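J.: So that we are looking at the same thing, I have put the structure below in structure tokens.
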Amino acid sequence: MDRLLKSIIGIFLSFGLIFSMMGNDVWADTESKWMNLDTEVKSMTSIRLSWKKKAVAKYRLYRAAEKNNGNIRKYQKIATISGKKTSYLDKKRKKKTMYHYMIRGYDKKGNLKYRGEAEDYTGLWCSFFEYQIPDAKYSTEEIQLQLCSSEGLKPDAYCIYRKQKGDTAYHLLKVVKKKTWYVDYRDKAVKKGKVYFYKFRTYKTIGKKKYYSKYSNQIRMSATNQVGIFKAKIVEDQQNHEDEITFMLTSQDGNGEIILQNCAGFRVEKQDGSSVEGNVRAIEYSKDGNVWTKVDQEKEGNEMATLNAGKNIWIRGKVSEQIKPLDQLQEFKLYMEWLKYNDLQSSLEIDLIGGDCFTSVIEEAYH
């Protein structure tokens, strides 16, 4: 199950929003305090629960198995134990199953004083780091992979698989033999500009048998510049009207694919100290400076055209405010928001006077 979904379920549990799934002897009490419940998978059929000692007379423990579709079955009470205990071994569990647990601590009068929740998996679990796509480092020389096995049995090794864009089958790239919950692997066997797909799985040897996890989700990474770097310049065009501007963007070698938008905000600083803000709406673009294509203003997401590494694009647009004459401008910057660079929601700042342009990932879209 997605870890964000698990967190949401945990929040619901802590506020007593799904207690209808449990027996009548479990109830929400706003006066009760939260306690940490830890889990450790001891084998593929047993999970140890542990907690710090609290001033209570007894604990009640509850368990619910997770279905294949991610829904949680009804909670069942599995034990009532002394308040002096700080652990419990839940045995004879089903293999490769996610179990959800709750603990409730009561005083001598039967009042609920403490409560906690936890979950764990009786098997091997693996996934890429939650923010692998927007946060992992990559370049034309290497791609970082952040591999996690945060639940279940601690694996003995991580098996990493890769295929290139256009390939039909994965091949084994590397086996990282480390008994750890997390692996940071750098794939340096990449070629500049190429797109790769990755997945992985873990294994653990018990006795003479090797047990494998399911494959992780597939991710797409590219051996390109992590930050898109461009050059820009204003193009003097006799076809321009007073409310139009033409400029050219050049994508640096090693950049990823960028899908440009047909609109941008701008800010102008004039030599007299005044400033103007407005927007530019693209009306035409060209890939060679000669043949022009009319911009589809109704296209979904305001997408205009794709620009690849080492290529140019000329854009002609209408400006909402008077900015000419151009030779009296000290600064002229365009801001494109929510475009796509390497399939990531990004922004692009275009400096039409200085000439330098850079992309940056819009982290709010992923975090």
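Labels used: A, B, ... for chains in the order of the structure tokens, numbers from 1 for residues in each chain, and numbers from 1 for ligands as shown.
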Can you pull out every residue within 10 Å of A:Ala65, counting only C-alpha atoms, but drop anything in the same chain fewer than 6 positions away, and send it as a PyMOL selection string?
T.: chain A and resi 71-76+93-94+97-101+119+121
J.: Would you tabulate, counting only C-alpha atoms, all residues of stretch 252-324 of chain A that have an atom at most 10 Å from an atom of stretch 348-363 of chain A, showing the closest pair of atoms and their distance in Å to one decimal, sorted by chain then ascending number, as JSON lines?
T.:
{"residue": "A:Ile258", "atom": "CA", "partner": "A:Thr359", "partner_atom": "CA", "distance": 9.4}
{"residue": "A:Leu260", "atom": "CA", "partner": "A:Leu348", "partner_atom": "CA", "distance": 8.9}
{"residue": "A:Gln261", "atom": "CA", "partner": "A:Leu348", "partner_atom": "CA", "distance": 10.0}
{"residue": "A:Ala264", "atom": "CA", "partner": "A:Leu348", "partner_atom": "CA", "distance": 9.4}
{"residue": "A:Gly265", "atom": "CA", "partner": "A:Glu349", "partner_atom": "CA", "distance": 9.8}
{"residue": "A:Phe266", "atom": "CA", "partner": "A:Ile350", "partner_atom": "CA", "distance": 9.1}
J.: Per residue of stretch 169-219 of chain A within 7 Å of stretch 152-156 of chain A, what are the shortest atom pair and its distance in Å to one decimal, counting only C-alpha atoms, with rows by chain and residue number, as CSV?
T.:
residue,atom,partner,partner_atom,distance
A:Lys177,CA,A:Asp156,CA,6.1
A:Lys178,CA,A:Asp156,CA,5.7
A:Lys179,CA,A:Asp156,CA,4.5
A:Thr180,CA,A:Lys154,CA,6.4
A:Trp181,CA,A:Lys154,CA,6.3
A:Thr202,CA,A:Pro155,CA,6.0
A:Tyr203,CA,A:Pro155,CA,5.5
A:Lys204,CA,A:Asp156,CA,4.9
J.: Could you tell me how far atom CA of A:Val183 sits from atom CA of A:Ala365, in Å to one decimal place?
T.: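 Atom CA of A:Val183 lies at a distance of 25.3 Å from atom CA of A:Ala365.
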J.: As JSON, numbers by chain, please: every residue in stretch 52-215 of chain A that DSSP puts in strand (DSSP E).
T.: {"A": [58, 59, 60, 61, 62, 63, 64, 65, 76, 77, 78, 79, 80, 81, 82, 87, 88, 89, 90, 98, 99, 100, 101, 102, 103, 104, 105, 106, 112, 113, 114, 115, 116, 117, 118, 119, 120, 121, 127, 128, 143, 144, 145, 146, 147, 148, 157, 158, 159, 160, 161, 162, 163, 164, 171, 172, 173, 174, 175, 176, 182, 183, 184, 185, 186, 187, 195, 196, 197, 198, 199, 200, 201, 202, 203, 204, 205, 206, 209, 210, 211, 212]}
J.: Check the smallest atom-to-atom distance from each of A:Tyr62, A:Tyr114, A:Tyr131, A:Tyr196 to A:Tyr366 using only C-alpha atoms, then report the winner.
T.: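 Using only C-alpha atoms, the shortest distance to A:Tyr366 belongs to A:Tyr131.
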J.: Within 8 Å of stretch 242-252 of chain A, which residues of stretch 277-317 of chain A show up? Give each one with its shortest atom-to-atom distance in Å (one decimal) and the two atoms involved, counting only C-alpha atoms, rows by chain then rising residue number, as a tab-separated table.
T.:
residue	atom	partner	partner_atom	distance
A:Leu307	CA	A:Ser251	CA	7.1
A:Asn308	CA	A:Ser251	CA	6.6
A:Ala309	CA	A:Ser251	CA	5.1
A:Gly310	CA	A:Ser251	CA	5.2
A:Lys311	CA	A:Ser251	CA	5.6
A:Asn312	CA	A:Thr250	CA	4.5
A:Ile313	CA	A:Leu249	CA	5.4
A:Trp314	CA	A:Met248	CA	4.4
A:Ile315	CA	A:Phe247	CA	5.5
A:Arg316	CA	A:Thr246	CA	4.3
A:Gly317	CA	A:Ile245	CA	5.5
J.: Write out as a CSV table (one decimal) with N, CA, C and O atoms, in the first residue's frame which residues come within 9 Å of A:Ile47 when counting only C-alpha atoms, dropping same-chain ones fewer than 5 positions away.
T.:
chain,number,residue,atom,x,y,z
A,39,THR,N,6.9,-2.4,15.9
A,39,THR,CA,6.8,-3.8,15.4
A,39,THR,C,8.1,-4.3,14.8
A,39,THR,O,8.9,-3.5,14.3
A,40,GLU,N,8.3,-5.6,14.9
A,40,GLU,CA,9.5,-6.2,14.3
A,40,GLU,C,9.1,-7.6,13.8
A,40,GLU,O,8.6,-8.4,14.6
A,41,VAL,N,9.3,-7.8,12.5
A,41,VAL,CA,9.0,-9.1,11.9
A,41,VAL,C,10.1,-10.1,12.3
A,41,VAL,O,11.2,-9.9,11.9
A,42,LYS,N,9.8,-11.1,13.1
A,42,LYS,CA,10.7,-12.1,13.5
A,42,LYS,C,10.9,-13.2,12.5
A,42,LYS,O,12.0,-13.8,12.4
A,88,TYR,N,4.9,-8.4,23.1
A,88,TYR,CA,4.0,-9.5,22.8
A,88,TYR,C,4.4,-10.0,21.4
A,88,TYR,O,4.6,-9.3,20.5
A,89,LEU,N,4.5,-11.4,21.4
A,89,LEU,CA,4.8,-12.0,20.1
A,89,LEU,C,3.6,-12.6,19.5
A,89,LEU,O,2.9,-13.5,20.0
A,90,ASP,N,3.2,-12.1,18.3
A,90,ASP,CA,2.0,-12.5,17.6
A,90,ASP,C,2.5,-13.6,16.6
A,90,ASP,O,3.1,-13.3,15.6
A,91,LYS,N,2.1,-14.9,16.9
A,91,LYS,CA,2.6,-16.0,16.1
A,91,LYS,C,1.5,-16.6,15.2
A,91,LYS,O,0.4,-16.2,15.2
A,93,ARG,N,1.1,-16.3,12.0
A,93,ARG,CA,0.5,-15.3,11.0
A,93,ARG,C,0.6,-15.8,9.6
A,93,ARG,O,1.5,-16.7,9.3
A,120,ASP,N,2.9,-3.9,10.1
A,120,ASP,CA,4.1,-4.5,9.5
A,120,ASP,C,3.6,-5.6,8.6
A,120,ASP,O,2.5,-6.0,8.5
A,121,TYR,N,4.6,-6.1,7.8
A,121,TYR,CA,4.4,-7.1,6.7
A,121,TYR,C,5.2,-8.4,6.9
A,121,TYR,O,6.4,-8.3,7.2
A,122,THR,N,4.5,-9.5,6.8
A,122,THR,CA,5.2,-10.8,7.1
A,122,THR,C,5.8,-11.3,5.7
A,122,THR,O,5.3,-12.2,5.1
J.: Measuring atom to atom with only C-alpha atoms, identify which of A:Gln271, A:Asn68, A:Asn262, A:Asn302 is nearest to A:Ile283.
T.: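 With only C-alpha atoms as the atom set, the closest residue is A:Asn262.
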J.: A:Trp51: which residues within 7 Å, counting only C-alpha atoms, same-chain residues fewer than 5 positions away excluded, as a JSON list (two decimals) with all heavy atoms, in the first residue's frame?
T.:
[["chain", "number", "residue", "atom", "x", "y", "z"],
["A", 36, "ASN", "N", 3.72, 5.03, 21.65],
["A", 36, "ASN", "CA", 4.36, 4.44, 20.48],
["A", 36, "ASN", "C", 4.32, 2.92, 20.56],
["A", 36, "ASN", "O", 4.72, 2.33, 21.57],
["A", 36, "ASN", "CB", 5.81, 4.91, 20.37],
["A", 36, "ASN", "CG", 5.91, 6.38, 20.01],
["A", 36, "ASN", "OD1", 5.07, 6.90, 19.27],
["A", 36, "ASN", "ND2", 6.92, 7.05, 20.52],
["A", 37, "LEU", "N", 3.86, 2.31, 19.50],
["A", 37, "LEU", "CA", 3.83, 0.86, 19.38],
["A", 37, "LEU", "C", 4.78, 0.48, 18.26],
["A", 37, "LEU", "O", 4.62, 0.90, 17.11],
["A", 37, "LEU", "CB", 2.41, 0.38, 19.05],
["A", 37, "LEU", "CG", 2.24, -1.13, 18.84],
["A", 37, "LEU", "CD1", 2.60, -1.91, 20.10],
["A", 37, "LEU", "CD2", 0.81, -1.44, 18.40],
["A", 38, "ASP", "N", 5.81, -0.29, 18.58],
["A", 38, "ASP", "CA", 6.81, -0.71, 17.59],
["A", 38, "ASP", "C", 6.57, -2.15, 17.17],
["A", 38, "ASP", "O", 6.07, -2.97, 17.96],
["A", 38, "ASP", "CB", 8.22, -0.58, 18.17],
["A", 38, "ASP", "CG", 8.58, 0.86, 18.49],
["A", 38, "ASP", "OD1", 8.24, 1.74, 17.68],
["A", 38, "ASP", "OD2", 9.20, 1.10, 19.53],
["A", 86, "THR", "N", 5.78, -5.38, 28.37],
["A", 86, "THR", "CA", 6.21, -4.37, 27.39],
["A", 86, "THR", "C", 6.40, -4.99, 25.99],
["A", 86, "THR", "O", 6.96, -4.33, 25.11],
["A", 86, "THR", "CB", 7.52, -3.70, 27.82],
["A", 86, "THR", "OG1", 8.52, -4.71, 28.02],
["A", 86, "THR", "CG2", 7.33, -2.88, 29.08],
["A", 87, "SER", "N", 5.96, -6.22, 25.79],
["A", 87, "SER", "CA", 6.08, -6.84, 24.48],
["A", 87, "SER", "C", 5.08, -7.98, 24.34],
["A", 87, "SER", "O", 4.54, -8.49, 25.33],
["A", 87, "SER", "CB", 7.49, -7.36, 24.23],
["A", 87, "SER", "OG", 7.79, -8.43, 25.09]]
J.: So, with only C-alpha atoms as the atoms that count, which of A:Cys263, A:Lys191, A:Gln144, A:His241 lies closest to A:Glu298?
T.: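 Between A:Cys263, A:Lys191, A:Gln144, A:His241, the residue approaching A:Glu298 most closely is A:Cys263.
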J.: Residues near A:Asn290, anyone? I mean within 12 Å using only C-alpha atoms, not counting same-chain ones fewer than 2 positions away, as a list of chain:residue names.
T.: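 In the requested format, the answer is A:Asp237, A:Glu284, A:Tyr285, A:Ser286, A:Lys287, A:Asp288, A:Trp292, A:Thr293, A:Ile313, A:Trp314, A:Ile315.
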J.: Could you turn the residues from that selection into a file that holds N, CA and C atoms, as a compact mmCIF listing (two decimals), in the first residue's frame?
T.:
# COMPACT_ATOMS: atom_id res chain seq x y z
N ASP A 237 12.45 41.60 -35.28
CA ASP A 237 11.62 41.06 -36.35
C ASP A 237 10.76 42.18 -36.92
N GLU A 284 2.71 32.35 -32.38
CA GLU A 284 3.36 31.50 -33.38
C GLU A 284 4.69 30.99 -32.83
N TYR A 285 5.13 29.86 -33.37
CA TYR A 285 6.47 29.40 -33.05
C TYR A 285 7.09 28.74 -34.29
N SER A 286 8.43 28.67 -34.27
CA SER A 286 9.15 28.09 -35.40
C SER A 286 10.33 27.28 -34.88
N LYS A 287 10.63 26.18 -35.57
CA LYS A 287 11.78 25.36 -35.19
C LYS A 287 13.02 25.70 -36.02
N ASP A 288 12.85 26.52 -37.07
CA ASP A 288 14.00 26.88 -37.91
C ASP A 288 14.11 28.38 -38.18
N TRP A 292 6.67 28.99 -39.79
CA TRP A 292 6.00 29.29 -38.52
C TRP A 292 4.72 28.48 -38.38
N THR A 293 4.44 28.07 -37.14
CA THR A 293 3.23 27.31 -36.82
C THR A 293 2.37 28.12 -35.87
N ILE A 313 14.19 27.17 -30.70
CA ILE A 313 12.80 27.48 -31.01
C ILE A 313 12.63 28.99 -30.99
N TRP A 314 11.92 29.49 -31.99
CA TRP A 314 11.59 30.91 -32.06
C TRP A 314 10.13 31.07 -31.65
N ILE A 315 9.86 32.04 -30.80
CA ILE A 315 8.50 32.27 -30.30
C ILE A 315 8.11 33.71 -30.54
J.: Mind checking which residues fall within 8 Å of A:Lys95, counting only C-alpha atoms, ignoring those fewer than 5 positions away in the same chain, and posting them as a PyMOL selection string?
T.: chain A and resi 44-45+122-123
J.: Report, in Å with one decimal, the straight-line distance from atom CA of A:Gln146 to atom CA of A:Lys165.
T.: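 Calculated distance between atom CA of A:Gln146 and atom CA of A:Lys165 is 20.4 Å.
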J.: What's the separation between atom CA of A:Tyr211 and atom CA of A:Ala64, in Å to one decimal place?
T.: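 Value for the atom CA of A:Tyr211-atom CA of A:Ala64 distance: 24.5 Å.
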